[in-house]
$ cat start-v2.cif   # mmCIF, C-alpha atoms and all ligand atoms
data_model
#
loop_
_atom_site.label_atom_id
_atom_site.label_comp_id
_atom_site.auth_asym_id
_atom_site.auth_seq_id
_atom_site.Cartn_x
_atom_site.Cartn_y
_atom_site.Cartn_z
CA MET A 1 18.55 6.12 -21.02
CA VAL A 2 18.49 9.15 -23.29
CA LYS A 3 21.96 10.56 -23.86
CA ILE A 4 22.17 14.28 -24.54
CA ALA A 5 25.12 16.62 -24.12
CA SER A 6 23.99 20.20 -24.31
CA THR A 7 22.20 20.60 -21.00
CA PHE A 8 23.93 21.81 -17.84
CA GLY A 9 23.81 19.03 -15.26
CA ARG A 10 25.27 15.55 -15.31
CA SER A 11 21.91 13.77 -15.14
CA GLY A 12 18.20 14.45 -15.11
CA THR A 13 18.24 14.51 -11.32
CA HIS A 14 21.21 16.88 -11.29
CA ASP A 15 19.42 19.26 -13.67
CA TYR A 16 16.30 19.08 -11.56
CA ILE A 17 18.11 19.93 -8.33
CA LEU A 18 20.06 22.79 -9.94
CA LEU A 19 16.88 24.20 -11.46
CA ARG A 20 15.02 24.16 -8.13
CA ALA A 21 17.96 25.44 -6.08
CA SER A 22 18.66 28.33 -8.46
CA ALA A 23 14.96 29.19 -8.49
CA LEU A 24 15.05 29.51 -4.70
CA ILE A 25 18.05 31.82 -4.83
CA LEU A 26 16.44 33.98 -7.53
CA ALA A 27 13.14 34.21 -5.70
CA SER A 28 14.76 35.13 -2.38
CA TYR A 29 16.97 37.71 -4.11
CA ALA A 30 13.94 39.28 -5.80
CA VAL A 31 12.14 39.50 -2.44
CA PHE A 32 15.25 40.99 -0.85
CA LEU A 33 15.64 43.62 -3.56
CA ILE A 34 11.96 44.59 -3.52
CA ALA A 35 11.96 44.76 0.28
CA TRP A 36 14.96 47.08 0.20
CA LEU A 37 13.28 49.31 -2.40
CA VAL A 38 10.10 49.46 -0.33
CA CYS A 39 12.04 50.34 2.81
CA ASN A 40 14.02 53.06 0.99
CA PRO A 41 11.59 55.10 -1.08
CA GLY A 42 13.13 57.60 -3.49
CA VAL A 43 16.57 56.01 -3.65
CA SER A 44 19.42 58.25 -4.71
CA TYR A 45 22.67 57.35 -6.47
CA ALA A 46 24.46 57.43 -3.12
CA ASP A 47 21.97 54.97 -1.66
CA TRP A 48 22.57 52.55 -4.54
CA VAL A 49 26.33 52.78 -4.15
CA GLY A 50 26.07 52.27 -0.41
CA PHE A 51 23.80 49.28 -0.92
CA PHE A 52 25.91 47.51 -3.49
CA GLY A 53 29.12 48.52 -1.69
CA HIS A 54 28.18 46.17 1.13
CA ILE A 55 30.16 42.92 0.81
CA GLY A 56 27.13 40.79 1.71
CA VAL A 57 25.03 42.37 -1.04
CA LYS A 58 27.89 41.88 -3.50
CA ILE A 59 28.11 38.18 -2.74
CA TYR A 60 24.34 37.78 -2.80
CA THR A 61 24.09 39.58 -6.16
CA LEU A 62 26.81 37.45 -7.68
CA LEU A 63 25.08 34.36 -6.33
CA ALA A 64 21.80 35.49 -7.91
CA LEU A 65 23.53 36.10 -11.25
CA THR A 66 25.04 32.63 -11.06
CA GLY A 67 21.57 31.31 -10.25
CA LEU A 68 20.23 33.11 -13.30
CA LEU A 69 22.95 31.60 -15.48
CA ILE A 70 22.17 28.06 -14.36
CA HIS A 71 18.40 28.48 -14.25
CA ALA A 72 18.12 30.02 -17.70
CA TRP A 73 20.64 27.60 -19.22
CA ILE A 74 18.63 24.55 -18.16
CA GLY A 75 15.21 26.18 -18.53
CA ILE A 76 15.79 27.56 -22.03
CA TRP A 77 17.34 24.27 -23.07
CA GLN A 78 14.18 22.48 -21.94
CA VAL A 79 11.90 24.85 -23.84
CA LEU A 80 14.08 24.67 -26.96
CA THR A 81 14.18 20.86 -26.97
CA ASP A 82 10.38 20.90 -26.81
CA TYR A 83 9.73 23.36 -29.59
CA VAL A 84 12.74 23.69 -31.89
CA LYS A 85 13.07 20.41 -33.74
CA ASN A 86 15.89 21.42 -36.09
CA SER A 87 19.00 20.62 -34.05
CA LEU A 88 21.23 23.05 -35.93
CA LEU A 89 18.87 25.96 -35.26
CA ARG A 90 18.40 24.82 -31.66
CA GLY A 91 22.14 24.65 -31.12
CA ALA A 92 22.54 28.15 -32.54
CA ILE A 93 19.82 29.61 -30.28
CA GLN A 94 21.21 27.83 -27.24
CA TYR A 95 24.67 29.19 -28.06
CA VAL A 96 23.42 32.78 -28.28
CA VAL A 97 21.45 32.42 -25.04
CA VAL A 98 24.43 31.00 -23.15
CA ILE A 99 26.70 33.77 -24.45
CA ALA A 100 24.15 36.38 -23.33
CA LEU A 101 23.98 34.77 -19.88
CA PHE A 102 27.76 34.91 -19.53
CA VAL A 103 27.72 38.54 -20.63
CA TYR A 104 25.21 39.30 -17.85
CA TRP A 105 27.33 37.47 -15.33
CA PHE A 106 30.59 39.24 -16.21
CA THR A 107 28.89 42.63 -16.53
CA GLY A 108 27.49 42.09 -13.05
CA LEU A 109 30.90 41.12 -11.74
CA PHE A 110 32.63 44.22 -13.17
CA VAL A 111 29.87 46.54 -11.94
CA LEU A 112 30.12 45.10 -8.44
CA TRP A 113 33.87 45.31 -8.60
CA GLY A 114 33.59 49.03 -9.32
CA VAL A 115 31.54 50.00 -6.27
CA MET B 1 -36.71 12.18 -31.03
CA LYS B 2 -33.44 14.04 -30.78
CA LYS B 3 -30.85 14.58 -33.44
CA LEU B 4 -27.15 14.23 -32.78
CA THR B 5 -24.49 15.41 -35.20
CA PHE B 6 -21.20 13.56 -35.32
CA SER B 7 -18.23 15.23 -36.88
CA ILE B 8 -15.67 12.49 -37.42
CA TYR B 9 -12.05 12.69 -38.52
CA ARG B 10 -11.53 10.85 -41.80
CA TYR B 11 -8.27 10.03 -43.45
CA ASN B 12 -7.32 7.20 -45.73
CA PRO B 13 -3.72 7.71 -46.82
CA GLU B 14 -4.27 5.49 -49.86
CA VAL B 15 -6.78 7.88 -51.45
CA ASP B 16 -6.84 11.15 -49.46
CA THR B 17 -4.23 13.82 -49.79
CA LYS B 18 -5.17 15.29 -46.42
CA PRO B 19 -7.50 14.57 -43.49
CA ARG B 20 -11.04 15.97 -43.40
CA MET B 21 -13.98 16.05 -40.97
CA GLN B 22 -17.13 14.24 -42.10
CA ASP B 23 -20.58 14.82 -40.60
CA TYR B 24 -23.15 12.14 -39.76
CA THR B 25 -26.50 12.43 -37.99
CA LEU B 26 -28.07 9.92 -35.66
CA GLU B 27 -31.63 10.05 -34.37
CA LEU B 28 -32.25 8.81 -30.87
CA GLU B 29 -35.33 8.54 -28.67
CA ASP B 30 -35.54 11.40 -26.19
CA ASN B 31 -34.62 9.26 -23.20
CA GLN B 32 -32.18 7.05 -25.12
CA ASP B 33 -28.47 7.11 -24.36
CA LEU B 34 -25.68 5.24 -26.08
CA MET B 35 -22.00 4.81 -25.58
CA VAL B 36 -19.88 6.60 -28.17
CA LEU B 37 -18.68 3.22 -29.43
CA GLU B 38 -22.26 2.04 -30.00
CA ALA B 39 -22.94 5.22 -31.96
CA LEU B 40 -19.84 4.64 -34.08
CA ILE B 41 -20.88 1.04 -34.78
CA LYS B 42 -24.37 2.26 -35.73
CA ILE B 43 -22.90 4.81 -38.14
CA LYS B 44 -20.60 2.19 -39.65
CA GLU B 45 -23.40 -0.35 -40.06
CA GLU B 46 -26.16 1.95 -41.24
CA GLN B 47 -24.43 4.81 -43.01
CA ASP B 48 -20.81 4.34 -43.91
CA PRO B 49 -19.04 0.98 -43.84
CA SER B 50 -15.75 2.65 -44.75
CA LEU B 51 -15.42 4.29 -41.32
CA ALA B 52 -12.47 2.69 -39.51
CA PHE B 53 -11.89 2.43 -35.74
CA ARG B 54 -10.54 -0.12 -33.26
CA ARG B 55 -12.57 -1.83 -30.61
CA SER B 56 -12.68 -5.19 -28.93
CA CYS B 57 -14.09 -5.80 -25.46
CA ARG B 58 -16.61 -2.93 -25.53
CA GLU B 59 -16.50 -2.75 -21.74
CA GLY B 60 -13.44 -0.70 -20.82
CA VAL B 61 -11.04 -3.59 -20.33
CA CYS B 62 -8.96 -4.04 -23.47
CA GLY B 63 -7.92 -0.47 -24.11
CA SER B 64 -8.36 -0.56 -27.91
CA ASP B 65 -10.79 2.28 -28.43
CA GLY B 66 -9.04 5.30 -26.96
CA LEU B 67 -10.35 8.33 -28.87
CA ASN B 68 -10.56 12.07 -28.55
CA MET B 69 -14.22 12.96 -27.99
CA ASN B 70 -15.21 16.62 -27.85
CA GLY B 71 -11.62 17.48 -27.04
CA LYS B 72 -11.04 14.94 -24.29
CA ASN B 73 -9.37 11.54 -24.55
CA GLY B 74 -11.27 8.52 -23.29
CA LEU B 75 -12.53 5.05 -24.13
CA ALA B 76 -15.45 5.22 -26.57
CA CYS B 77 -17.06 2.09 -25.11
CA ILE B 78 -17.52 3.55 -21.63
CA THR B 79 -18.25 7.17 -22.55
CA ASN B 80 -21.96 7.99 -22.58
CA LEU B 81 -23.13 10.32 -25.33
CA SER B 82 -25.04 12.19 -22.61
CA SER B 83 -21.83 12.78 -20.65
CA LEU B 84 -20.51 14.84 -23.57
CA LYS B 85 -23.35 17.30 -22.89
CA SER B 86 -23.76 18.44 -26.48
CA ASN B 87 -25.75 17.55 -29.57
CA LYS B 88 -22.66 18.03 -31.65
CA ILE B 89 -19.97 15.46 -31.06
CA VAL B 90 -16.52 15.81 -32.53
CA ILE B 91 -14.49 12.61 -32.69
CA ARG B 92 -10.82 12.56 -33.53
CA PRO B 93 -8.04 9.98 -33.19
CA LEU B 94 -5.79 10.18 -30.13
CA PRO B 95 -3.59 13.28 -30.61
CA GLY B 96 0.12 13.13 -31.23
CA LEU B 97 0.42 9.69 -32.82
CA PRO B 98 0.58 9.06 -36.59
CA VAL B 99 -2.84 8.26 -38.09
CA MET B 100 -3.02 5.01 -40.04
CA ARG B 101 -6.62 5.47 -41.09
CA ASP B 102 -9.59 7.47 -39.73
CA LEU B 103 -9.62 6.90 -35.97
CA ILE B 104 -6.84 4.32 -35.95
CA VAL B 105 -3.44 5.50 -34.80
CA ASP B 106 -0.04 3.86 -34.97
CA MET B 107 0.87 2.99 -31.38
CA THR B 108 4.46 1.91 -32.08
CA GLN B 109 6.05 4.89 -30.35
CA PHE B 110 3.84 4.40 -27.30
CA TYR B 111 4.75 0.71 -27.01
CA LYS B 112 8.43 1.46 -27.52
CA GLN B 113 8.37 3.68 -24.45
CA TYR B 114 6.53 0.97 -22.55
CA GLU B 115 9.14 -1.57 -23.57
CA LYS B 116 11.93 0.73 -22.42
CA VAL B 117 10.91 0.53 -18.76
CA LYS B 118 11.27 -3.28 -18.77
CA PRO B 119 7.70 -3.95 -17.68
CA TYR B 120 8.38 -7.33 -16.11
CA LEU B 121 9.72 -8.63 -12.82
CA ILE B 122 13.49 -8.86 -12.59
CA ASN B 123 14.83 -10.96 -9.75
CA ASP B 124 18.44 -12.10 -9.60
CA GLU B 125 18.32 -14.27 -6.49
CA LYS B 126 20.35 -17.37 -7.19
CA THR B 127 17.87 -19.86 -5.78
CA PRO B 128 14.32 -19.31 -6.86
CA PRO B 129 11.77 -20.14 -4.15
CA ALA B 130 10.19 -23.59 -4.32
CA ARG B 131 6.67 -22.24 -4.83
CA GLU B 132 6.14 -18.49 -5.19
CA ARG B 133 7.66 -15.16 -4.11
CA LEU B 134 5.65 -14.04 -1.13
CA GLN B 135 4.63 -10.48 -0.32
CA SER B 136 3.07 -9.08 2.81
CA PRO B 137 -0.37 -7.48 2.36
CA GLU B 138 1.33 -4.07 2.85
CA GLU B 139 3.88 -4.77 0.12
CA ARG B 140 1.12 -5.93 -2.18
CA ALA B 141 -0.95 -2.83 -1.44
CA LYS B 142 1.80 -0.65 -2.93
CA LEU B 143 0.92 -2.01 -6.37
CA ASP B 144 -2.69 -0.86 -6.19
CA GLY B 145 -3.40 1.99 -8.56
CA LEU B 146 -0.49 0.87 -10.74
CA TYR B 147 -1.17 -2.63 -12.05
CA GLU B 148 -4.68 -1.77 -13.33
CA CYS B 149 -3.40 0.17 -16.36
CA ILE B 150 -4.74 -1.22 -19.66
CA LEU B 151 -2.32 0.68 -21.93
CA CYS B 152 -5.05 2.57 -23.75
CA ALA B 153 -2.68 5.53 -24.32
CA CYS B 154 -5.32 8.11 -23.38
CA CYS B 155 -2.88 9.62 -20.88
CA SER B 156 0.32 9.76 -22.91
CA THR B 157 -1.47 11.22 -25.93
CA SER B 158 -2.92 14.01 -23.78
CA CYS B 159 0.49 14.95 -22.43
CA PRO B 160 2.24 17.90 -24.13
CA SER B 161 5.64 16.59 -23.04
CA PHE B 162 4.88 13.34 -24.86
CA TRP B 163 3.68 15.21 -27.97
CA TRP B 164 6.94 17.14 -28.23
CA ASN B 165 9.34 14.29 -27.41
CA PRO B 166 7.58 10.95 -27.94
CA ASP B 167 10.92 9.30 -28.66
CA LYS B 168 12.65 10.52 -25.49
CA PHE B 169 10.04 11.13 -22.78
CA VAL B 170 8.66 7.81 -21.50
CA GLY B 171 5.22 9.33 -20.93
CA PRO B 172 2.71 8.79 -18.13
CA ALA B 173 1.66 5.22 -19.07
CA GLY B 174 5.22 3.92 -19.32
CA LEU B 175 6.23 5.70 -16.12
CA LEU B 176 3.27 4.27 -14.24
CA HIS B 177 4.57 0.83 -15.19
CA ALA B 178 8.12 1.82 -14.33
CA TYR B 179 6.98 2.69 -10.83
CA ARG B 180 4.87 -0.47 -10.62
CA PHE B 181 8.13 -2.46 -10.76
CA LEU B 182 10.18 -0.01 -8.70
CA ALA B 183 7.58 -0.42 -5.96
CA ASP B 184 7.48 -4.20 -6.18
CA SER B 185 9.16 -5.84 -3.18
CA ARG B 186 10.04 -8.88 -5.32
CA ASP B 187 11.96 -6.91 -7.92
CA THR B 188 15.72 -6.63 -7.37
CA ALA B 189 16.62 -4.31 -10.26
CA THR B 190 15.64 -1.05 -8.56
CA GLU B 191 19.05 0.61 -8.96
CA GLN B 192 19.38 -0.43 -12.59
CA ARG B 193 15.86 0.80 -13.32
CA LEU B 194 16.59 4.17 -11.72
CA ASP B 195 19.88 4.47 -13.64
CA ASP B 196 17.99 3.98 -16.88
CA LEU B 197 15.53 6.73 -16.02
CA ASP B 198 18.00 9.30 -14.76
CA ASP B 199 18.42 11.50 -17.82
CA ALA B 200 16.95 14.87 -18.72
CA PHE B 201 14.03 13.40 -20.69
CA SER B 202 12.73 10.00 -19.58
CA VAL B 203 11.15 11.16 -16.31
CA PHE B 204 12.06 14.78 -15.84
CA ARG B 205 10.17 16.03 -18.90
CA CYS B 206 7.06 15.60 -16.79
CA HIS B 207 6.17 19.05 -15.50
CA GLY B 208 3.16 17.89 -13.49
CA ILE B 209 0.49 19.34 -15.78
CA MET B 210 -1.77 16.40 -14.81
CA ASN B 211 -3.58 16.05 -18.14
CA CYS B 212 -2.89 12.34 -17.73
CA VAL B 213 -4.76 12.11 -14.43
CA ASN B 214 -7.62 14.08 -15.94
CA VAL B 215 -8.25 11.54 -18.71
CA CYS B 216 -7.34 8.10 -17.37
CA PRO B 217 -10.46 5.95 -17.84
CA LYS B 218 -9.33 3.62 -15.06
CA GLY B 219 -9.02 6.50 -12.60
CA LEU B 220 -5.28 6.01 -12.17
CA ASN B 221 -2.83 8.71 -11.20
CA PRO B 222 0.38 8.65 -13.29
CA THR B 223 1.48 12.03 -11.94
CA LYS B 224 1.64 10.59 -8.42
CA ALA B 225 3.66 7.60 -9.62
CA ILE B 226 6.02 9.96 -11.46
CA GLY B 227 6.36 11.97 -8.25
CA HIS B 228 7.43 8.80 -6.44
CA ILE B 229 10.04 8.05 -9.13
CA LYS B 230 11.41 11.59 -8.87
CA SER B 231 11.68 11.27 -5.08
CA MET B 232 13.50 7.95 -5.45
CA LEU B 233 15.94 9.54 -7.89
CA LEU B 234 16.41 12.58 -5.66
CA SER B 235 16.92 10.71 -2.41
CA ARG B 236 19.54 8.61 -4.16
CA ALA B 237 21.36 11.72 -5.39
CA VAL B 238 21.59 13.67 -2.13
S1 LIG C 1 1.63 15.23 -15.24
FE1 LIG C 1 3.47 14.75 -16.40
S2 LIG C 1 3.01 12.91 -17.49
FE2 LIG C 1 1.03 13.74 -16.78
S3 LIG C 1 0.30 14.96 -18.52
FE3 LIG C 1 1.50 16.29 -17.21
S4 LIG C 1 3.59 16.31 -17.99
FE4 LIG C 1 2.48 14.56 -18.87
S1 LIG C 2 -2.63 5.06 -17.08
FE1 LIG C 2 -4.81 5.13 -17.56
S2 LIG C 2 -4.94 6.40 -19.40
FE2 LIG C 2 -2.83 5.77 -19.20
S3 LIG C 2 -2.63 3.96 -20.48
FE3 LIG C 2 -3.05 3.28 -18.37
S4 LIG C 2 -5.25 3.06 -18.27
FE4 LIG C 2 -4.83 4.27 -20.10
S1 LIG C 3 -13.42 -1.69 -26.58
FE1 LIG C 3 -12.11 -2.50 -25.02
S2 LIG C 3 -11.74 -0.75 -23.83
FE2 LIG C 3 -13.23 0.00 -25.19
#

$ encode --input "start-v2.cif" --output "structure tokens"
Amino acid sequence: MVKIASTFGRSGTHDYILLRASALILASYAVFLIAWLVCNPGVSYADWVGFFGHIGVKIYTLLALTGLLIHAWIGIWQVLTDYVKNSLLRGAIQYVVVIALFVYWFTGLFVLWGV
Amino acid sequence: MKKLTFSIYRYNPEVDTKPRMQDYTLELEDNQDLMVLEALIKIKEEQDPSLAFRRSCREGVCGSDGLNMNGKNGLACITNLSSLKSNKIVIRPLPGLPVMRDLIVDMTQFYKQYEKVKPYLINDEKTPPARERLQSPEERAKLDGLYECILCACCSTSCPSFWWNPDKFVGPAGLLHAYRFLADSRDTATEQRLDDLDDAFSVFRCHGIMNCVNVCPKGLNPTKAIGHIKSMLLSRAV
């Protein structure tokens, strides 16, 4: 058993499930967003506000941002453990990536809060 | 007559500062075909006795002569020169393992991963049967496509996940054996075996690229076995 702390899940299986589940959420959200854009050509500011003002869309968006956080956390960690062999450098990159992901998440939250 | 050029990886750490490729030519009759191993033996006997490579059974059974031939891993003794479809043949050691000399690699890391999966039957029943542990034909059939592995390392050394983390990712050969015992009706250590594999590297570094399936000289399918292990781990978790 390989013990490693800096990934997201509790075990390999846990990581795997989280990665797949978050991918599903992200994919469905992308389809949803594109479908809305196709159905509403030439969107105005008012359309955007109306769209994101809907409570369902707010929840879905926050869910997608959470999915992004988890998916990128695990995914980037996997890529980094493959290619960056210096653990200090890898830790630093992982740290920056995780911070950026949290910034996205909170920015999303405050934006949604505002509409 | 036809002329074949062999470009062979040479490295002797005792005298060379770095590896180099050395060219040899062999002349064959037009309709003549040889196995790569026979060609190597010919070169060693007739041209350069210092060329080093492993071989034993010369019939695809022992797994000693795994090599990279024109970019693809395989056993030299059962690879026809004609199957390489070129008059220029590039021979390198198996990728990703330390080279000891010329075409000979250090397999320690590969065997360590094999050892990790406890490749032997574990049975904790208090009273062993008087004669043998019986299996139904169906139970026995589950081991087909798993027990035939000869540990040649062609698969694991073609796997990028194994190249990047040979100390943490078990690799296709080891995982094939892991599943061979997970699938064995006589083995009672299933849970323990799964516990040992359930980290972010041992199994889950396999991303299903299937290089392993592409090269296995015994026609085995490690990716399928790995898929079975993943399903066992998943069905236990949900
Ligand atoms: S399928 Fe998995 S084990 Fe086989 S080569 Fe690809 S990553 Fe490696
Ligand atoms: S699975 Fe095939 S390629 Fe891999 S070690 Fe076994 S026989 Fe060799
Ligand atoms: S020499 Fe035994 S497998 Fe090729």

$ atom_distance --input "start-v2.cif" --atom1 "CA of Lys72 (chain B)" --atom2 "CA of Pro93 (chain B)"
10.6 Å

$ residues_near_ligand --input "start-v2.cif" --ligand "ligand LIG 3 (chain C)" --cutoff "12 Å" --atoms "only C-alpha atoms and all ligand atoms" --output "ChimeraX atom specification"
/B:35-38,40-41,53-67,74-79,149-154,216-218

$ axis_aligned_box --input "start-v2.cif" --around "ligand LIG 2 (chain C)" --padding-each-side "8 Å" --output "lines of an AutoDock Vina configuration file"
center_x = -3.9
center_y = 4.7
center_z = -18.8
size_x = 18.6
size_y = 19.3
size_z = 19.4

$ residues_around --input "start-v2.cif" --residues "region 184-193 of chain B" --least-positions-apart "4" --cutoff "8 Å" --atoms "only C-alpha atoms" --output "list in words"
Val117, Leu121, Ile122, Asn123, Asp124, Arg133, Leu134, Gln135, Glu139, Arg140, Lys142, Leu143, Ala178, Arg180 and Leu197 of chain B

$ interface_residues --input "start-v2.cif" --of "chain B" --to "chain A" --cutoff "6 Å" --atoms "only C-alpha atoms" --output "PyMOL selection string"
chain B and resi 164+196-200

$ atom_distance --input "start-v2.cif" --atom1 "CA of Val115 (chain A)" --atom2 "CA of Ser44 (chain A)"
14.7 Å

$ residues_around --input "start-v2.cif" --residues "region 86-100 of chain A" --least-positions-apart "3" --cutoff "9 Å" --atoms "all atoms listed in the file" --output "ChimeraX atom specification"
/A:6,69,72-73,76-77,80-81,103-105

$ atom_distance --input "start-v2.cif" --atom1 "CA of Phe201 (chain B)" --atom2 "CA of Gly171 (chain B)"
9.7 Å

$ residues_near_ligand --input "start-v2.cif" --ligand "ligand LIG 1 (chain C)" --cutoff "12 Å" --atoms "all atoms listed in the file" --output "JSON, numbers by chain"
{"B": [73, 153, 154, 155, 156, 157, 158, 159, 160, 161, 162, 163, 164, 165, 166, 169, 170, 171, 172, 173, 174, 175, 176, 201, 202, 203, 204, 205, 206, 207, 208, 209, 210, 211, 212, 213, 214, 215, 216, 220, 221, 222, 223, 224, 225, 226, 227, 229, 230]}

$ residues_near_point --input "start-v2.cif" --point "(19.5, 30.2, -7.2)" --cutoff "9 Å" --atoms "all atoms listed in the file" --output "list in words"
Leu18, Leu19, Arg20, Ala21, Ser22, Ala23, Leu24, Ile25, Leu26, Ala27, Ser28, Tyr29, Leu63, Ala64, Leu65, Thr66, Gly67, Leu68, Ile70 and His71 of chain A

$ residues_around --input "start-v2.cif" --residues "Arg10 (chain B)" --least-positions-apart "4" --cutoff "10 Å" --atoms "all atoms listed in the file" --output "list in words"
Asp16, Lys18, Pro19, Arg20, Met21, Gln22, Asp23, Ser50, Leu51, Ala52, Ile91, Arg92, Pro93, Val99, Arg101, Asp102, Leu103 and Ile104 of chain B

$ residues_around --input "start-v2.cif" --residues "Thr5 (chain B)" --least-positions-apart "6" --cutoff "7 Å" --atoms "only C-alpha atoms" --output "list of chain:residue names"
B:Asp23, B:Tyr24, B:Thr25, B:Leu26, B:Asn87, B:Lys88, B:Ile89

$ closest_residue --input "start-v2.cif" --among "B:Asn70, B:Leu84, B:Gly219, B:Lys42" --to "ligand LIG 2 (chain C)" --atoms "all atoms listed in the file"
B:Gly219
